[in-house]
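Trainee: Structure file protein.pdb, PDB, C-alpha atoms, is pasted below:
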ATOM      1  CA  MET V   1     -98.551 -17.395  -7.854
ATOM      2  CA  MET V   2     -96.562 -15.857 -10.709
ATOM      3  CA  THR V   3     -98.147 -12.648 -11.994
ATOM      4  CA  TRP V   4     -98.100 -11.272 -15.543
ATOM      5  CA  HIS V   5     -95.581  -8.688 -14.315
ATOM      6  CA  ASP V   6     -93.302 -11.505 -13.133
ATOM      7  CA  VAL V   7     -93.558 -13.211 -16.510
ATOM      8  CA  ARG V   8     -92.726 -10.003 -18.347
ATOM      9  CA  GLU V   9     -89.715  -9.393 -16.121
ATOM     10  CA  LYS V  10     -88.407 -12.845 -17.019
ATOM     11  CA  GLN V  11     -88.486 -12.062 -20.742
ATOM     12  CA  LEU V  12     -84.962 -11.962 -22.102
ATOM     13  CA  ASP V  13     -85.690  -9.192 -24.595
ATOM     14  CA  ARG V  14     -86.923  -6.917 -21.808
ATOM     15  CA  ARG V  15     -83.843  -7.736 -19.752
ATOM     16  CA  VAL V  16     -81.511  -6.731 -22.573
ATOM     17  CA  MET V  17     -83.352  -3.494 -23.309
ATOM     18  CA  GLY V  18     -83.487  -2.645 -19.613
ATOM     19  CA  ILE V  19     -79.762  -3.162 -19.096
ATOM     20  CA  LEU V  20     -78.822  -1.149 -22.179
ATOM     21  CA  SER V  21     -81.249   1.665 -21.332
ATOM     22  CA  HIS V  22     -79.501   2.109 -17.985
ATOM     23  CA  GLY V  23     -76.198   2.837 -19.675
ATOM     24  CA  ALA V  24     -74.574  -0.593 -19.659
ATOM     25  CA  SER V  25     -72.070  -1.255 -22.406
ATOM     26  CA  PRO V  26     -72.582  -4.141 -24.855
ATOM     27  CA  ILE V  27     -69.775  -5.993 -23.061
ATOM     28  CA  GLU V  28     -71.531  -5.578 -19.712
ATOM     29  CA  ALA V  29     -74.847  -6.709 -21.187
ATOM     30  CA  ARG V  30     -73.317  -9.840 -22.678
ATOM     31  CA  ARG V  31     -71.513 -10.637 -19.441
ATOM     32  CA  SER V  32     -74.677 -10.269 -17.367
ATOM     33  CA  LEU V  33     -77.000 -12.224 -19.651
ATOM     34  CA  ILE V  34     -74.729 -14.720 -21.405
ATOM     35  CA  GLU V  35     -71.353 -15.267 -19.780
ATOM     36  CA  ILE V  36     -72.380 -15.367 -16.106
ATOM     37  CA  PRO V  37     -75.345 -17.729 -16.733
ATOM     38  CA  ARG V  38     -72.957 -20.003 -18.651
ATOM     39  CA  GLN V  39     -70.557 -20.022 -15.717
ATOM     40  CA  ILE V  40     -73.180 -20.825 -13.093
ATOM     41  CA  GLY V  41     -75.081 -23.212 -15.353
ATOM     42  CA  SER V  42     -78.504 -21.602 -15.002
ATOM     43  CA  VAL V  43     -80.556 -18.571 -15.992
ATOM     44  CA  ASP V  44     -83.221 -16.643 -14.083
ATOM     45  CA  TYR V  45     -85.245 -15.797 -17.173
ATOM     46  CA  GLN V  46     -87.339 -17.943 -19.476
ATOM     47  CA  ASP V  47     -85.503 -19.850 -22.156
ATOM     48  CA  LEU V  48     -86.590 -21.266 -25.492
ATOM     49  CA  SER V  49     -87.752 -24.619 -24.125
ATOM     50  CA  THR V  50     -90.198 -22.845 -21.780
ATOM     51  CA  PHE V  51     -92.493 -22.222 -24.733
ATOM     52  CA  LEU V  52     -91.622 -25.080 -27.077
ATOM     53  CA  PRO V  53     -91.357 -28.193 -24.887
ATOM     54  CA  LYS V  54     -92.046 -30.627 -27.727
ATOM     55  CA  LEU V  55     -89.205 -29.409 -29.903
ATOM     56  CA  GLU V  56     -85.956 -31.301 -29.442
ATOM     57  CA  LEU V  57     -83.792 -28.402 -28.323
ATOM     58  CA  THR V  58     -80.274 -29.058 -27.093
ATOM     59  CA  GLU V  59     -78.504 -26.958 -24.491
ATOM     60  CA  GLU V  60     -76.464 -25.544 -27.356
ATOM     61  CA  ASP V  61     -79.696 -24.548 -29.130
ATOM     62  CA  LYS V  62     -80.993 -22.759 -26.047
ATOM     63  CA  ASP V  63     -77.678 -21.030 -25.470
ATOM     64  CA  GLN V  64     -77.565 -19.921 -29.108
ATOM     65  CA  ALA V  65     -81.133 -18.617 -28.863
ATOM     66  CA  ARG V  66     -80.140 -16.483 -25.868
ATOM     67  CA  CYS V  67     -77.035 -15.201 -27.645
ATOM     68  CA  ASN V  68     -79.056 -14.312 -30.733
ATOM     69  CA  VAL V  69     -81.522 -12.185 -28.754
ATOM     70  CA  VAL V  70     -78.813 -10.401 -26.777
ATOM     71  CA  ASN V  71     -76.720  -9.730 -29.880
ATOM     72  CA  TYR V  72     -79.777  -8.519 -31.794
ATOM     73  CA  PHE V  73     -80.396  -5.696 -29.320
ATOM     74  CA  ILE V  74     -76.708  -4.907 -28.909
ATOM     75  CA  GLU V  75     -76.498  -4.563 -32.695
ATOM     76  CA  ARG V  76     -79.275  -1.965 -32.551
ATOM     77  CA  GLU V  77     -77.226   0.143 -30.143
ATOM     78  CA  ALA V  78     -74.099  -0.180 -32.285
ATOM     79  CA  PHE V  79     -75.865   1.124 -35.391
ATOM     80  CA  THR V  80     -76.644   4.464 -33.786
ATOM     81  CA  SER V  81     -73.029   5.534 -34.367
ATOM     82  CA  MET V  82     -71.775   3.229 -37.121
ATOM     83  CA  PRO V  83     -70.177   4.893 -40.204
ATOM     84  CA  ASP V  84     -71.731   4.002 -43.561
ATOM     85  CA  ASP V  85     -68.666   2.179 -44.906
ATOM     86  CA  TYR V  86     -68.395   0.000 -41.833
ATOM     87  CA  ALA V  87     -72.145  -0.669 -41.801
ATOM     88  CA  ASP V  88     -72.056  -1.745 -45.441
ATOM     89  CA  ARG V  89     -69.232  -4.216 -44.773
ATOM     90  CA  TYR V  90     -70.892  -5.465 -41.605
ATOM     91  CA  LEU V  91     -74.246  -6.108 -43.288
ATOM     92  CA  ARG V  92     -72.722  -7.798 -46.326
ATOM     93  CA  ASP V  93     -70.663 -10.097 -44.118
ATOM     94  CA  ILE V  94     -73.763 -12.307 -43.842
ATOM     95  CA  ARG V  95     -72.753 -13.819 -47.194
ATOM     96  CA  ARG V  96     -69.958 -15.690 -45.421
ATOM     97  CA  THR V  97     -72.375 -17.753 -43.336
ATOM     98  CA  MET V  98     -75.718 -17.658 -45.162
ATOM     99  CA  GLU V  99     -76.556 -19.217 -48.524
ATOM    100  CA  PHE V 100     -79.012 -17.083 -50.501
ATOM    101  CA  ASP V 101     -81.390 -18.886 -52.859
ATOM    102  CA  ILE V 102     -83.339 -16.011 -54.377
ATOM    103  CA  ASP V 103     -82.157 -15.698 -57.997
ATOM    104  CA  ALA V 104     -85.100 -17.464 -59.645
ATOM    105  CA  ALA V 105     -87.687 -15.428 -57.747
ATOM    106  CA  ALA V 106     -85.828 -12.178 -58.417
ATOM    107  CA  GLU V 107     -85.654 -12.963 -62.134
ATOM    108  CA  ALA V 108     -89.400 -13.676 -62.103
ATOM    109  CA  ILE V 109     -90.000 -10.241 -60.578
ATOM    110  CA  ASN V 110     -88.000  -8.679 -63.390
ATOM    111  CA  ALA V 111     -89.843 -10.622 -66.079
ATOM    112  CA  GLN V 112     -93.375  -9.782 -64.947
ATOM    113  CA  PRO V 113     -94.675  -6.196 -64.837
ATOM    114  CA  GLY V 114     -96.266  -4.757 -61.735
ATOM    115  CA  GLN V 115     -95.539  -4.688 -58.033
ATOM    116  CA  ALA V 116     -94.320  -7.562 -55.877
ATOM    117  CA  VAL V 117     -94.702  -8.324 -52.174
ATOM    118  CA  LEU V 118     -91.947  -9.966 -50.142
ATOM    119  CA  GLU V 119     -92.821 -11.197 -46.667
ATOM    120  CA  THR V 120     -90.268 -12.465 -44.166
ATOM    121  CA  VAL V 121     -89.610 -13.117 -40.461
ATOM    122  CA  HIS V 122     -87.577 -11.591 -37.638
ATOM    123  CA  HIS V 123     -84.425 -13.681 -37.926
ATOM    124  CA  TRP V 124     -81.443 -12.723 -35.744
ATOM    125  CA  ALA V 125     -79.679 -11.496 -38.913
ATOM    126  CA  ASN V 126     -82.818  -9.850 -40.266
ATOM    127  CA  PHE V 127     -81.252  -6.538 -41.263
ATOM    128  CA  SER V 128     -78.229  -8.100 -42.929
ATOM    129  CA  VAL V 129     -80.465 -10.512 -44.840
ATOM    130  CA  LEU V 130     -82.819  -7.729 -45.944
ATOM    131  CA  TYR V 131     -79.933  -5.586 -47.164
ATOM    132  CA  GLU V 132     -78.339  -8.413 -49.116
ATOM    133  CA  THR V 133     -81.721  -9.498 -50.492
ATOM    134  CA  CYS V 134     -82.512  -6.003 -51.762
ATOM    135  CA  ASP V 135     -79.101  -5.843 -53.413
ATOM    136  CA  GLN V 136     -79.546  -9.211 -55.113
ATOM    137  CA  ILE V 137     -83.087  -8.387 -56.238
ATOM    138  CA  LYS V 138     -81.866  -5.127 -57.753
ATOM    139  CA  ARG V 139     -79.092  -6.968 -59.603
ATOM    140  CA  LYS V 140     -81.427  -9.639 -60.984
ATOM    141  CA  ALA V 141     -84.422  -7.324 -61.426
ATOM    142  CA  PRO V 142     -83.016  -3.959 -62.542
ATOM    143  CA  ARG V 143     -86.504  -2.640 -63.306
ATOM    144  CA  VAL V 144     -87.192  -2.443 -59.542
ATOM    145  CA  ASP V 145     -86.902   1.216 -58.578
ATOM    146  CA  ARG V 146     -88.290   1.269 -55.051
ATOM    147  CA  PHE V 147     -88.601  -0.836 -51.924
ATOM    148  CA  ILE V 148     -91.264   0.122 -49.399
ATOM    149  CA  LEU V 149     -90.770  -1.485 -46.003
ATOM    150  CA  PHE V 150     -93.641  -1.531 -43.528
ATOM    151  CA  HIS V 151     -92.881  -1.527 -39.806
ATOM    152  CA  ASN V 152     -95.056  -1.055 -36.731
ATOM    153  CA  ARG V 153     -93.005   1.139 -34.398
ATOM    154  CA  PRO V 154     -93.101   4.954 -34.523
ATOM    155  CA  ASP V 155     -89.570   5.013 -33.056
ATOM    156  CA  VAL V 156     -87.755   3.739 -36.117
ATOM    157  CA  ASP V 157     -85.004   1.200 -35.516
ATOM    158  CA  PRO V 158     -81.627   2.812 -36.368
ATOM    159  CA  ARG V 159     -80.807  -0.232 -38.482
ATOM    160  CA  LEU V 160     -83.745   0.584 -40.739
ATOM    161  CA  VAL V 161     -82.544   4.164 -41.034
ATOM    162  CA  MET V 162     -79.140   2.828 -42.070
ATOM    163  CA  LEU V 163     -80.729   0.489 -44.631
ATOM    164  CA  GLU V 164     -82.653   3.422 -46.069
ATOM    165  CA  SER V 165     -79.421   5.374 -46.507
ATOM    166  CA  LEU V 166     -77.281   2.509 -47.814
ATOM    167  CA  ALA V 167     -79.903   1.287 -50.273
ATOM    168  CA  LEU V 168     -79.874   4.663 -51.974
ATOM    169  CA  SER V 169     -76.104   5.210 -51.895
ATOM    170  CA  ARG V 170     -74.827   1.642 -52.446
ATOM    171  CA  VAL V 171     -77.641  -0.352 -54.068
ATOM    172  CA  LYS V 172     -78.914   2.630 -56.087
ATOM    173  CA  VAL V 173     -82.560   2.081 -55.258
ATOM    174  CA  GLU V 174     -85.063   3.994 -53.136
ATOM    175  CA  PHE V 175     -85.901   2.462 -49.774
ATOM    176  CA  ILE V 176     -88.927   3.997 -48.051
ATOM    177  CA  LEU V 177     -90.056   3.285 -44.488
ATOM    178  CA  ILE V 178     -93.768   3.342 -43.628
ATOM    179  CA  CYS V 179     -95.112   2.858 -40.101
ATOM    180  CA  ILE V 180     -98.424   1.000 -40.296
ATOM    181  CA  THR V 181     -99.624   2.578 -37.047
ATOM    182  CA  SER V 182     -99.050   6.163 -38.199
ATOM    183  CA  PRO V 183    -101.572   8.404 -40.008
ATOM    184  CA  ILE V 184     -99.387   8.368 -43.129
ATOM    185  CA  PHE V 185    -100.132   4.665 -43.652
ATOM    186  CA  LYS V 186    -103.473   5.458 -45.287
ATOM    187  CA  TYR V 187    -101.686   7.567 -47.905
ATOM    188  CA  PHE V 188     -98.857   5.183 -48.805
ATOM    189  CA  ARG V 189    -100.415   4.370 -52.203
ATOM    190  CA  GLN V 190     -99.155   7.734 -53.408
ATOM    191  CA  LEU V 191     -95.598   6.422 -53.026
ATOM    192  CA  VAL V 192     -96.119   3.243 -55.044
ATOM    193  CA  THR V 193     -94.634   2.932 -58.523
ATOM    194  CA  GLU V 194     -95.222   0.233 -61.128
ATOM    195  CA  ASN V 195     -91.869  -1.284 -60.158
ATOM    196  CA  THR V 196     -92.201  -1.239 -56.360
ATOM    197  CA  VAL V 197     -91.364  -4.192 -54.126
ATOM    198  CA  PHE V 198     -93.139  -4.174 -50.760
ATOM    199  CA  LEU V 199     -91.275  -5.606 -47.768
ATOM    200  CA  CYS V 200     -93.123  -6.682 -44.640
ATOM    201  CA  MET V 201     -92.882  -9.026 -41.680
ATOM    202  CA  GLY V 202     -95.223 -12.013 -41.599
ATOM    203  CA  ASP V 203     -94.549 -13.071 -38.008
ATOM    204  CA  MET V 204     -96.298 -10.419 -35.924
ATOM    205  CA  PRO V 205     -98.316 -11.731 -32.940
ATOM    206  CA  ILE V 206    -102.071 -11.923 -33.364
ATOM    207  CA  GLU V 207    -102.504 -10.009 -30.090
ATOM    208  CA  ASP V 208    -100.932  -6.916 -31.662
ATOM    209  CA  ALA V 209    -104.171  -4.994 -32.164
ATOM    210  CA  GLN V 210    -102.716  -2.165 -34.248
ATOM    211  CA  THR V 211    -100.931  -4.523 -36.611
ATOM    212  CA  LYS V 212    -104.050  -6.684 -36.821
ATOM    213  CA  THR V 213    -106.099  -3.716 -37.997
ATOM    214  CA  ALA V 214    -103.612  -2.981 -40.778
ATOM    215  CA  ALA V 215    -102.926  -6.583 -41.748
ATOM    216  CA  GLY V 216    -106.339  -8.190 -41.834
ATOM    217  CA  SER V 217    -104.948 -11.640 -42.729
ATOM    218  CA  PHE V 218    -103.368 -14.537 -40.900
ATOM    219  CA  ALA V 219    -100.291 -16.602 -41.652
ATOM    220  CA  THR V 220     -98.538 -19.628 -40.192
ATOM    221  CA  LEU V 221     -95.019 -19.511 -38.822
ATOM    222  CA  ASN V 222     -93.299 -22.889 -38.470
ATOM    223  CA  LEU V 223     -90.578 -22.898 -35.828
ATOM    224  CA  THR V 224     -88.299 -25.876 -36.363
ATOM    225  CA  ASP V 225     -85.617 -27.855 -34.577
ATOM    226  CA  GLY V 226     -82.847 -30.001 -36.009
ATOM    227  CA  SER V 227     -84.936 -33.188 -35.897
ATOM    228  CA  GLY V 228     -87.816 -32.247 -38.177
ATOM    229  CA  ASN V 229     -90.249 -31.220 -35.441
ATOM    230  CA  VAL V 230     -92.398 -28.129 -35.939
ATOM    231  CA  ALA V 231     -94.160 -25.711 -33.607
ATOM    232  CA  ALA V 232     -96.653 -23.750 -35.703
ATOM    233  CA  GLN V 233     -97.613 -20.223 -34.664
ATOM    234  CA  GLN V 234    -100.561 -18.227 -35.945
ATOM    235  CA  THR V 235     -99.360 -14.784 -37.018
ATOM    236  CA  LEU V 236    -100.517 -11.700 -38.891
ATOM    237  CA  SER V 237     -99.801 -11.088 -42.569
ATOM    238  CA  LEU V 238     -99.821  -7.638 -44.122
ATOM    239  CA  GLY V 239     -98.363  -9.063 -47.329
ATOM    240  CA  SER V 240    -101.524 -10.954 -48.217
ATOM    241  CA  ARG V 241    -103.534  -7.750 -48.028
ATOM    242  CA  LEU V 242    -100.992  -5.862 -50.141
ATOM    243  CA  ALA V 243    -100.977  -8.618 -52.757
ATOM    244  CA  ARG V 244    -104.759  -8.408 -53.068
ATOM    245  CA  MET V 245    -104.787  -4.614 -53.026
ATOM    246  CA  PHE V 246    -102.301  -4.241 -55.895
ATOM    247  CA  LYS V 247    -102.895  -7.590 -57.618
ATOM    248  CA  ALA V 248     -99.208  -8.120 -56.936
ATOM    249  CA  ARG V 249     -97.170 -11.297 -56.907
ATOM    250  CA  HIS V 250     -96.606 -12.510 -53.354
ATOM    251  CA  TYR V 251     -93.267 -14.008 -52.295
ATOM    252  CA  LYS V 252     -91.867 -15.236 -49.013
ATOM    253  CA  LEU V 253     -88.313 -15.056 -47.715
ATOM    254  CA  ASP V 254     -87.712 -17.685 -45.058
ATOM    255  CA  TYR V 255     -85.194 -20.077 -43.550
ATOM    256  CA  PRO V 256     -85.369 -23.838 -44.187
ATOM    257  CA  ASP V 257     -82.326 -24.219 -41.938
ATOM    258  CA  THR V 258     -79.807 -22.153 -40.002
ATOM    259  CA  ASN V 259     -77.489 -21.357 -42.899
ATOM    260  CA  ARG V 260     -79.925 -20.957 -45.774
ATOM    261  CA  VAL V 261     -82.495 -18.378 -46.835
ATOM    262  CA  GLU V 262     -84.935 -18.966 -49.700
ATOM    263  CA  MET V 263     -87.246 -16.729 -51.688
ATOM    264  CA  ARG V 264     -90.285 -18.507 -53.110
ATOM    265  CA  PRO V 265     -93.732 -17.558 -54.454
ATOM    266  CA  VAL V 266     -96.699 -17.877 -52.088
ATOM    267  CA  ASP V 267     -99.236 -20.220 -53.664
ATOM    268  CA  SER V 268    -102.252 -19.722 -51.414
ATOM    269  CA  GLU V 269    -101.904 -19.455 -47.639
ATOM    270  CA  LEU V 270     -98.686 -17.986 -46.306
ATOM    271  CA  THR V 271     -96.448 -20.347 -44.323
ATOM    272  CA  LEU V 272     -93.021 -19.172 -43.181
ATOM    273  CA  ARG V 273     -90.186 -21.271 -41.724
ATOM    274  CA  VAL V 274     -87.343 -20.440 -39.377
ATOM    275  CA  PRO V 275     -85.271 -22.454 -36.882
ATOM    276  CA  ALA V 276     -86.666 -21.694 -33.430
ATOM    277  CA  LYS V 277     -83.261 -20.709 -32.047
ATOM    278  CA  ASP V 278     -82.800 -18.121 -34.817
ATOM    279  CA  TRP V 279     -86.167 -16.379 -34.350
ATOM    280  CA  ILE V 280     -85.891 -13.193 -32.302
ATOM    281  CA  PHE V 281     -89.484 -13.117 -31.041
ATOM    282  CA  TRP V 282     -89.301 -16.346 -29.020
ATOM    283  CA  PRO V 283     -89.285 -14.464 -25.666
ATOM    284  CA  ILE V 284     -92.869 -13.306 -26.359
ATOM    285  CA  LEU V 285     -94.257 -16.628 -27.551
ATOM    286  CA  GLY V 286     -97.036 -16.293 -24.991
ATOM    287  CA  SER V 287     -98.657 -13.819 -27.409
ATOM    288  CA  TYR V 288     -98.962 -16.452 -30.144
ATOM    289  CA  VAL V 289    -101.291 -19.396 -30.735
ATOM    290  CA  THR V 290     -99.093 -22.508 -30.850
ATOM    291  CA  THR V 291     -99.647 -26.004 -32.184
ATOM    292  CA  GLN V 292     -96.854 -28.567 -32.261
ATOM    293  CA  HIS V 293     -96.347 -31.636 -34.409
TER     294      HIS V 293
END
Kindly present the structure from the file in structure tokens form.
Mentor:
Amino acid sequence: MMTWHDVREKQLDRRVMGILSHGASPIEARRSLIEIPRQIGSVDYQDLSTFLPKLELTEEDKDQARCNVVNYFIEREAFTSMPDDYADRYLRDIRRTMEFDIDAAAEAINAQPGQAVLETVHHWANFSVLYETCDQIKRKAPRVDRFILFHNRPDVDPRLVMLESLALSRVKVEFILICITSPIFKYFRQLVTENTVFLCMGDMPIEDAQTKTAAGSFATLNLTDGSGNVAAQQTLSLGSRLARMFKARHYKLDYPDTNRVEMRPVDSELTLRVPAKDWIFWPILGSYVTTQH
């Protein structure tokens, strides 16, 4: 019988982090987890179809999903020593492959006084998309003077630290990081200005007790394939609570397909979309409540 420990050891994200933590280079990590499995035609860890059997996922989809997870964690390691100029070019390079449809929402933020909430998902290019989105919002909504991003890990991702630095030096806007599991979370209101935009992730698993305490609301994450099928996950939403707390306008930033990101207002209940192969959390789908249609 497979134990919970066995399941955890077959999670791709844990494999990547384990290999990198033992001193392997990014090239070695990619070879072990991507290139060798391609050569032998099989993997010894769970793949995307393990959790989403009703989605029509091709072998290319599953291979891309694996590559996205591996590259996501390799990127984290690279940012620990990346110069600002190179990081800026690297992050902005997302414009070559991703179409951004956010102008109308950004202009609405500029036209209406008060705070705004922007909720998104952990896409493989999450940090590049966030950086470009903040830049475009600032261009279309010059009144915005501060972004406050909420995260749930006390050990701050080096990519967030880089975003904090680049936002101030290149985008000319403050970018503040708040950990929702730290004592400072209860005092974050002191950092809020009239022109603040809150950034948060709406795809955290409902089993995350600490996030659940802070969030207090649920959302729906629709994982999609290329054939119109959907696997809906129940997730936690901090953005809904923030919108109520500040009477702020609530927006979502999500992905109707692989090469497009949209920013739209949230009408009532929050529903976010992302292609399953592009979502970084798929290795822990066992922590989510899933319905497929």
Trainee: From the list V:Ala78, V:Leu12, V:Met263, V:Leu270, which residue is nearest Cys134 of chain V when using only C-alpha atoms?
Mentor: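 Nearest candidate to Cys134 of chain V out of V:Ala78, V:Leu12, V:Met263, V:Leu270: V:Met263.
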Trainee: So that I can check the surroundings of segment 60-62 of chain V, please list as a list in words every protein, DNA and RNA residue that reaches within 9 Å of it, counting only C-alpha atoms and ignoring chain neighbours fewer than 2 positions away.
Mentor: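 Neighbouring residues, sequence-local ones excluded: Asp47, Leu48, Ser49, Leu57, Thr58, Gln64, Ala65, Arg66, Cys67, Asp225, Ala276 and Lys277 of chain V.
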Trainee: What does the PyMOL selection byres ((chain V and resi 111-116) around 8) select in this file, as a ChimeraX atom specification?
Mentor: /V:107-110,117-118,141,193-198,243,246-251
Trainee: Just C-alpha atoms for this one: save the residues we selected as a short mmCIF file (atom, residue, chain, number, x, y, z; two decimals), keeping the file's coordinate frame.
Mentor:
data_model
loop_
_atom_site.label_atom_id
_atom_site.label_comp_id
_atom_site.auth_asym_id
_atom_site.auth_seq_id
_atom_site.Cartn_x
_atom_site.Cartn_y
_atom_site.Cartn_z
CA GLU V 107 -85.65 -12.96 -62.13
CA ALA V 108 -89.40 -13.68 -62.10
CA ILE V 109 -90.00 -10.24 -60.58
CA ASN V 110 -88.00 -8.68 -63.39
CA VAL V 117 -94.70 -8.32 -52.17
CA LEU V 118 -91.95 -9.97 -50.14
CA ALA V 141 -84.42 -7.32 -61.43
CA THR V 193 -94.63 2.93 -58.52
CA GLU V 194 -95.22 0.23 -61.13
CA ASN V 195 -91.87 -1.28 -60.16
CA THR V 196 -92.20 -1.24 -56.36
CA VAL V 197 -91.36 -4.19 -54.13
CA PHE V 198 -93.14 -4.17 -50.76
CA ALA V 243 -100.98 -8.62 -52.76
CA PHE V 246 -102.30 -4.24 -55.90
CA LYS V 247 -102.90 -7.59 -57.62
CA ALA V 248 -99.21 -8.12 -56.94
CA ARG V 249 -97.17 -11.30 -56.91
CA HIS V 250 -96.61 -12.51 -53.35
CA TYR V 251 -93.27 -14.01 -52.30
#
Trainee: Of the residues V:Ala106, V:Leu223, V:Met201, V:Val173, which is the one nearest to Asp278 of chain V, using all atoms listed in the file?
Mentor: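 Closest to Asp278 of chain V, using all atoms listed in the file: V:Leu223.
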Trainee: Have a look at atom CA of Gln233 of chain V and atom CA of Lys252 of chain V and let me know their distance in Å, one decimal.
Mentor: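 Straight-line distance from atom CA of Gln233 of chain V to atom CA of Lys252 of chain V works out to 16.2 Å.
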Trainee: Please, what distance in Å, to one decimal, runs between atom CA of Arg14 of chain V and atom CA of Thr120 of chain V?
Mentor: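 Atom CA of Arg14 of chain V sits 23.3 Å away from atom CA of Thr120 of chain V.
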Trainee: Have a look at V:Pro26, V:Pro154, V:Lys140, V:Asp145 and name the one nearest to Ile184 of chain V; count all atoms listed in the file.
Mentor: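 Of the candidates, the smallest distance to Ile184 of chain V is held by V:Pro154.
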Trainee: Using the chain letters and numbering of this document, enumerate as a short mmCIF file (atom, residue, chain, number, x, y, z; two decimals) with C-alpha atoms, keeping the file's coordinate frame the residues selected by the PyMOL selection byres ((chain V and resi 230) around 12).
Mentor:
data_model
loop_
_atom_site.label_atom_id
_atom_site.label_comp_id
_atom_site.auth_asym_id
_atom_site.auth_seq_id
_atom_site.Cartn_x
_atom_site.Cartn_y
_atom_site.Cartn_z
CA LEU V 52 -91.62 -25.08 -27.08
CA PRO V 53 -91.36 -28.19 -24.89
CA LYS V 54 -92.05 -30.63 -27.73
CA LEU V 55 -89.20 -29.41 -29.90
CA GLU V 56 -85.96 -31.30 -29.44
CA LEU V 57 -83.79 -28.40 -28.32
CA THR V 220 -98.54 -19.63 -40.19
CA LEU V 221 -95.02 -19.51 -38.82
CA ASN V 222 -93.30 -22.89 -38.47
CA LEU V 223 -90.58 -22.90 -35.83
CA THR V 224 -88.30 -25.88 -36.36
CA ASP V 225 -85.62 -27.86 -34.58
CA GLY V 226 -82.85 -30.00 -36.01
CA SER V 227 -84.94 -33.19 -35.90
CA GLY V 228 -87.82 -32.25 -38.18
CA ASN V 229 -90.25 -31.22 -35.44
CA ALA V 231 -94.16 -25.71 -33.61
CA ALA V 232 -96.65 -23.75 -35.70
CA GLN V 233 -97.61 -20.22 -34.66
CA PRO V 256 -85.37 -23.84 -44.19
CA LEU V 272 -93.02 -19.17 -43.18
CA ARG V 273 -90.19 -21.27 -41.72
CA VAL V 274 -87.34 -20.44 -39.38
CA PRO V 275 -85.27 -22.45 -36.88
CA ALA V 276 -86.67 -21.69 -33.43
CA THR V 290 -99.09 -22.51 -30.85
CA THR V 291 -99.65 -26.00 -32.18
CA GLN V 292 -96.85 -28.57 -32.26
CA HIS V 293 -96.35 -31.64 -34.41
#
Trainee: What separation in Å, quoted to one decimal, exists between atom CA of Ala87 of chain V and atom CA of Ile137 of chain V?
Mentor: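 A separation of 19.7 Å between them.
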Trainee: Which residue out of V:Ile180, V:Leu149, V:Leu168, V:Leu236 has the minimum interatomic distance to Val192 of chain V when only C-alpha atoms are used?
Mentor: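 Distance minimum relative to Val192 of chain V lands on V:Leu149.
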Trainee: Just want the 8 Å neighbourhood of Leu91 of chain V, counted on only C-alpha atoms, with same-chain residues fewer than 6 positions away dropped. Output as a list of chain:residue names.
Mentor: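 Contacts, with the query itself left out: V:Phe127, V:Ser128, V:Val129, V:Tyr131, V:Glu132.
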Trainee: Kindly indicate which residue among V:Val16, V:Leu33, V:Val121, V:Leu130 lies nearest to Met204 of chain V, using all atoms listed in the file for the distances.
Mentor: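 Under the stated criterion, the closest residue is V:Val121.
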Trainee: So for segment 194-209 of chain V, what box centre and size do we get, axis-aligned, 5 Å extra on each of the six sides, every listed atom, Å to one decimal, as lines of an AutoDock Vina configuration file?
Mentor:
center_x = -97.7
center_y = -6.4
center_z = -45.6
size_x = 22.9
size_y = 23.3
size_z = 41.0
Trainee: List the spatial neighbours of Tyr72 of chain V as JSON, numbers by chain - criterion: any atom at most 8 Å away, only C-alpha atoms, same-chain residues fewer than 5 positions off excluded.
Mentor: {"V": [124, 125, 280]}
Trainee: Using the chain letters and numbers from the file, which residues does the PyMOL selection byres ((chain V and resi 99) around 9) grab, as a list in words?
Mentor: Ile94, Arg95, Arg96, Thr97, Met98, Phe100, Asp101, Asn259, Arg260, Val261 and Glu262 of chain V
Trainee: Between V:Arg153, V:Glu269, V:Gln190, V:His122, which is the closest to Asn68 of chain V once you count all atoms listed in the file?
Mentor: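 Among the listed residues, the smallest separation from Asn68 of chain V belongs to V:His122.
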Trainee: Which residues, written as number ranges by chain, have at least one atom at most 12 Å from Val171 of chain V, with only C-alpha atoms counted and residues fewer than 4 positions away on the same chain left out?
Mentor: V: 88, 92, 131-139, 142, 144-147, 163-167, 175
Trainee: For Leu20 of chain V, work out the shell of residues within 12 Å, counting only C-alpha atoms and skipping chain neighbours fewer than 6 positions away, then give it as a PyMOL selection string.
Mentor: chain V and resi 13-14+26-30+32-33+70-71+73-78
